[in-house]
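The structure appears right after this line, and notes come after that.
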Amino acid sequence: MRFKSLKDLERDAPREIVLATLPQVVRLTDFAKAKAFAVSRLVRRVHGQAFEWYGFTLAQRSRPEIIVDVGLPTHAENQETYVSLSAEGIAAYQEALPPDRLINGWIHSHGKLEFRDFSGIDAANQATVLDYVTSLLKIPVAKKEVVIRDLALGLLGEGEAEALAAGSVTLLTDAPVRRARLLETVYGGFCYAFVIGDAGWTRQEIHYKTRGVLTGETHLSKREADLEIIPTGRILTPSDLETLETEVKERLRPVAYIPEKLERG
Ligand SMILES: [Zn+2]
């Protein structure tokens with residue numbers, strides 16, 4: 001194989017232009033945090049023991065990166081030892097929300113257990129939530145060059161046949177073009193994942209999914225993120241707690257943890 005010159009060997013790195021950045025820290029209002037721990041307390045009171053429960057983290061549609069509330073869905077008949085989320089269950093909860101509210105992640109409790117990490121079962125639930133949340137919430141995060149090794153350029157009409165027979169990708173234009181670069185929009189979304197414990201600890205991750213509109217190239221990633229509490233002054237009123245207690249009674253079917261199950265995932 002021969003090259004005409006060294007210059008033919010050079011390839012510019014694919015261009016990528018950042019359009020927007022997805023959240024890097026988890027922002028949560030003091031109210032939402034207090035509510036999450038109130039659910040754990042109520043679960044202990046109503047169901048008699050520290051059990052696993054899960055809920056959704058909620059945002060205002062206009063500020064999807066800030067968790068302002070925690071919502072309790074009706075738990076499906078759980079497996080004996082773990083909660084399992086379904087896409088249908090998440091969709092049903094979202095559809096019942098006021099139009100300005102959006103699910104931006106999920107939260108669950110490990111009760112009294114000192115297992116301060118996400119388990120394999122949690123990861124499976126997490127994937128379900130990420131798929132659903134990012135289907136509703138995606139923004140253009142980048143323009144990324146689609147590298148085409150053998151681009152055939154031709155003129156619309158007269159030059160089509162020749163250009164269509166050549167190359168790995170054909171671009172037909174209405175005026176002669178010698179060089180072209182193609183950049184696709186990459187859409188990205190995120191969702192939050194929380195695990196909390198009765199002792200007051202929290203652990204949180206942000207999960208990301210991006211997809212190129214043309215290539216369909218999909219990337220999943222996650223990061224453990226710091227928590228930023230946003231003070232609102234809003235507190236849980238006696239009436240809020242009463243409503244919450246009813247929800248804990250009627251919607252949650254908490255299940256006891258079996259530690260070995262968690263560790264093994
Ligand atoms: Zn868990």
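Within each chain, counting starts at residue 1; across the structure tokens, chains are named A, B, ... in the order shown, with ligands numbered 1 upward in that order.
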Using only C-alpha atoms, which protein or nucleic acid residues come within 7 Å of stretch 96-111 of chain A? Drop anything in the same chain fewer than 3 positions from it, and give the result as a list in words.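 The residues satisfying every condition are Ala50, Phe51, Glu52, Trp53, Tyr54, Gly55, Phe56, Thr57, Leu58, Ala59, Gln60, Arg61, Pro64, Ala92, Tyr93, Val129, Val133, Cys191, Tyr192, Ala193, Phe194, Val195, Ile196, Gly197 and Asp198 of chain A.
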Select from chain A every residue with an atom at most 6 Å from any atom of ligand 1, then for each give the shortest pair of atoms and their distance in Å to one decimal, using only C-alpha atoms and all ligand atoms, rows by chain and rising number, as JSON lines.
{"residue": "A:His110", "atom": "CA", "partner": "ligand 1", "partner_atom_place_in_ligand_line": "1 (Zn)", "distance": 5.8}
{"residue": "A:Phe118", "atom": "CA", "partner": "ligand 1", "partner_atom_place_in_ligand_line": "1 (Zn)", "distance": 5.2}
{"residue": "A:Ser119", "atom": "CA", "partner": "ligand 1", "partner_atom_place_in_ligand_line": "1 (Zn)", "distance": 5.4}
{"residue": "A:Asp122", "atom": "CA", "partner": "ligand 1", "partner_atom_place_in_ligand_line": "1 (Zn)", "distance": 5.0}
Filtering to C-alpha atoms, could you give me those residues as a PDB file, in the first residue's frame?
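What landed in part.pdb:
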ATOM      1  CA  HIS A 110     -31.557   0.072  53.285  1.00  0.00           C
ATOM      2  CA  PHE A 118     -25.892   0.021  45.748  1.00  0.00           C
ATOM      3  CA  SER A 119     -26.444  -3.697  45.240  1.00  0.00           C
ATOM      4  CA  ASP A 122     -30.358  -1.847  42.789  1.00  0.00           C
TER       5      ASP A 122
END
Stretch 164-179 of chain A surroundings by only C-alpha atoms, 7 Å radius, close-in-sequence under 4 positions cut, as an mmCIF file with C-alpha atoms, in the first residue's frame:
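After the write, around_1.cif holds the following:
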data_model
loop_
_atom_site.group_PDB
_atom_site.id
_atom_site.type_symbol
_atom_site.label_atom_id
_atom_site.label_comp_id
_atom_site.auth_asym_id
_atom_site.auth_seq_id
_atom_site.Cartn_x
_atom_site.Cartn_y
_atom_site.Cartn_z
ATOM 1 C CA ASP A 150 -14.604 7.315 2.551
ATOM 2 C CA LEU A 151 -17.053 10.102 1.863
ATOM 3 C CA ALA A 152 -18.303 10.277 -1.724
ATOM 4 C CA LEU A 153 -19.418 13.697 -2.827
ATOM 5 C CA GLY A 154 -21.659 14.214 -5.813
ATOM 6 C CA LEU A 155 -24.057 16.646 -7.365
ATOM 7 C CA LEU A 156 -27.785 16.189 -7.048
ATOM 8 C CA GLU A 160 -25.704 11.021 -8.562
#
Option closest in space to A:Glu224, from A:Leu244, A:Glu158, A:Lys144, A:Val25 [counting only C-alpha atoms]: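 Ranked by minimum distance to A:Glu224, first place goes to A:Val25.
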Can you list, as an NGL selection string, every residue of stretch 19-259 of chain A that DSSP puts in helix (DSSP H, G or I)? :A and (30-47 or 87-96 or 120-136 or 160-165 or 238-251 or 259)
Requested write-out: C-alpha atoms of the selected residues, as a short mmCIF file (atom, residue, chain, number, x, y, z; two decimals), in the first residue's frame:
data_model
loop_
_atom_site.label_atom_id
_atom_site.label_comp_id
_atom_site.auth_asym_id
_atom_site.auth_seq_id
_atom_site.Cartn_x
_atom_site.Cartn_y
_atom_site.Cartn_z
CA ASP A 30 -34.16 20.44 52.71
CA PHE A 31 -37.85 19.57 52.45
CA ALA A 32 -37.28 16.60 50.14
CA LYS A 33 -34.51 15.27 52.39
CA ALA A 34 -36.66 15.60 55.51
CA LYS A 35 -39.49 13.83 53.73
CA ALA A 36 -37.31 10.87 52.73
CA PHE A 37 -36.24 10.27 56.32
CA ALA A 38 -39.80 10.84 57.53
CA VAL A 39 -40.90 7.97 55.26
CA SER A 40 -38.29 5.69 56.88
CA ARG A 41 -39.56 6.67 60.35
CA LEU A 42 -43.17 6.07 59.32
CA VAL A 43 -42.30 2.72 57.75
CA ARG A 44 -40.79 1.65 61.07
CA ARG A 45 -43.90 2.83 62.93
CA VAL A 46 -46.53 1.50 60.55
CA HIS A 47 -44.91 -1.73 59.46
CA ALA A 87 -41.15 0.73 33.38
CA GLU A 88 -44.97 0.56 33.47
CA GLY A 89 -45.00 1.40 37.19
CA ILE A 90 -42.77 4.43 36.65
CA ALA A 91 -44.83 5.63 33.68
CA ALA A 92 -48.07 5.26 35.64
CA TYR A 93 -46.65 7.34 38.49
CA GLN A 94 -45.40 10.06 36.11
CA GLU A 95 -48.75 10.24 34.33
CA ALA A 96 -50.58 10.77 37.62
CA GLY A 120 -26.70 -5.66 42.01
CA ILE A 121 -30.50 -5.63 42.34
CA ASP A 122 -30.36 -1.85 42.79
CA ALA A 123 -28.36 -1.61 39.55
CA ALA A 124 -31.07 -3.49 37.66
CA ASN A 125 -33.74 -1.15 39.02
CA GLN A 126 -31.46 1.78 38.26
CA ALA A 127 -31.24 0.83 34.59
CA THR A 128 -35.05 0.78 34.36
CA VAL A 129 -35.33 4.24 35.93
CA LEU A 130 -32.55 5.70 33.75
CA ASP A 131 -34.21 4.46 30.56
CA TYR A 132 -37.53 5.95 31.55
CA VAL A 133 -36.26 9.28 32.88
CA THR A 134 -33.95 9.92 29.93
CA SER A 135 -36.75 9.14 27.49
CA LEU A 136 -38.59 12.17 28.89
CA GLU A 160 -25.70 11.02 -8.56
CA ALA A 161 -25.09 7.61 -10.07
CA GLU A 162 -21.31 7.85 -9.82
CA ALA A 163 -21.37 9.23 -6.27
CA LEU A 164 -23.87 6.62 -5.14
CA ALA A 165 -21.71 3.81 -6.45
CA PRO A 238 -48.61 17.81 60.73
CA SER A 239 -50.98 17.54 57.77
CA ASP A 240 -48.11 16.59 55.42
CA LEU A 241 -47.10 13.87 57.88
CA GLU A 242 -50.66 12.59 58.13
CA THR A 243 -50.91 12.29 54.34
CA LEU A 244 -47.53 10.61 54.25
CA GLU A 245 -48.53 8.10 56.91
CA THR A 246 -51.62 7.15 54.90
CA GLU A 247 -49.44 6.67 51.81
CA VAL A 248 -46.96 4.55 53.76
CA LYS A 249 -49.86 2.38 54.97
CA GLU A 250 -51.63 2.06 51.65
CA ARG A 251 -48.90 2.13 49.04
CA PRO A 259 -27.96 -9.11 53.73
#
Go through stretch 7-238 of chain A and collect every residue that DSSP, computed from the backbone, puts in strand (DSSP E or B); the answer should be as a ChimeraX atom specification. /A:16-18,26-29,52,54-60,63,66-67,69-71,101-109,139-146,151-155,169-173,182-196,202-212,218-224,227-230
Distance of atom CA of A:Lys143 from atom CA of A:Glu16, expressed in Å to one decimal place: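 These atoms are spaced 5.7 Å apart.
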May I ask for the distance between atom CA of A:Arg149 and atom CA of A:Glu184, given in Å to one decimal place?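 We find that atom CA of A:Arg149 and atom CA of A:Glu184 lie 15.9 Å from each other.
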Identify which of the residues A:Gly233, A:Gly200, A:Pro14, A:Gly212 lies closest to A:Arg116, counting only C-alpha atoms when measuring atom-to-atom distances.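 Checking each candidate against A:Arg116, we get A:Gly200 as the closest.
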Shortest interatomic distance to A:Glu205 - which of A:Leu113, A:Val186, A:Ala225, A:Ile67, counting only C-alpha atoms: A:Ala225
Can you work out the spacing between atom CA of A:Val146 and atom CA of A:Thr21 in Å, to one decimal?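 That distance, rounded to one decimal, is 20.5 Å.
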Nearest to A:Val26, chosen from A:Leu72, A:Ala142, A:Ile66, A:Leu252, with only C-alpha atoms counted in the distances: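 Ranked by minimum distance to A:Val26, first place goes to A:Ile66.
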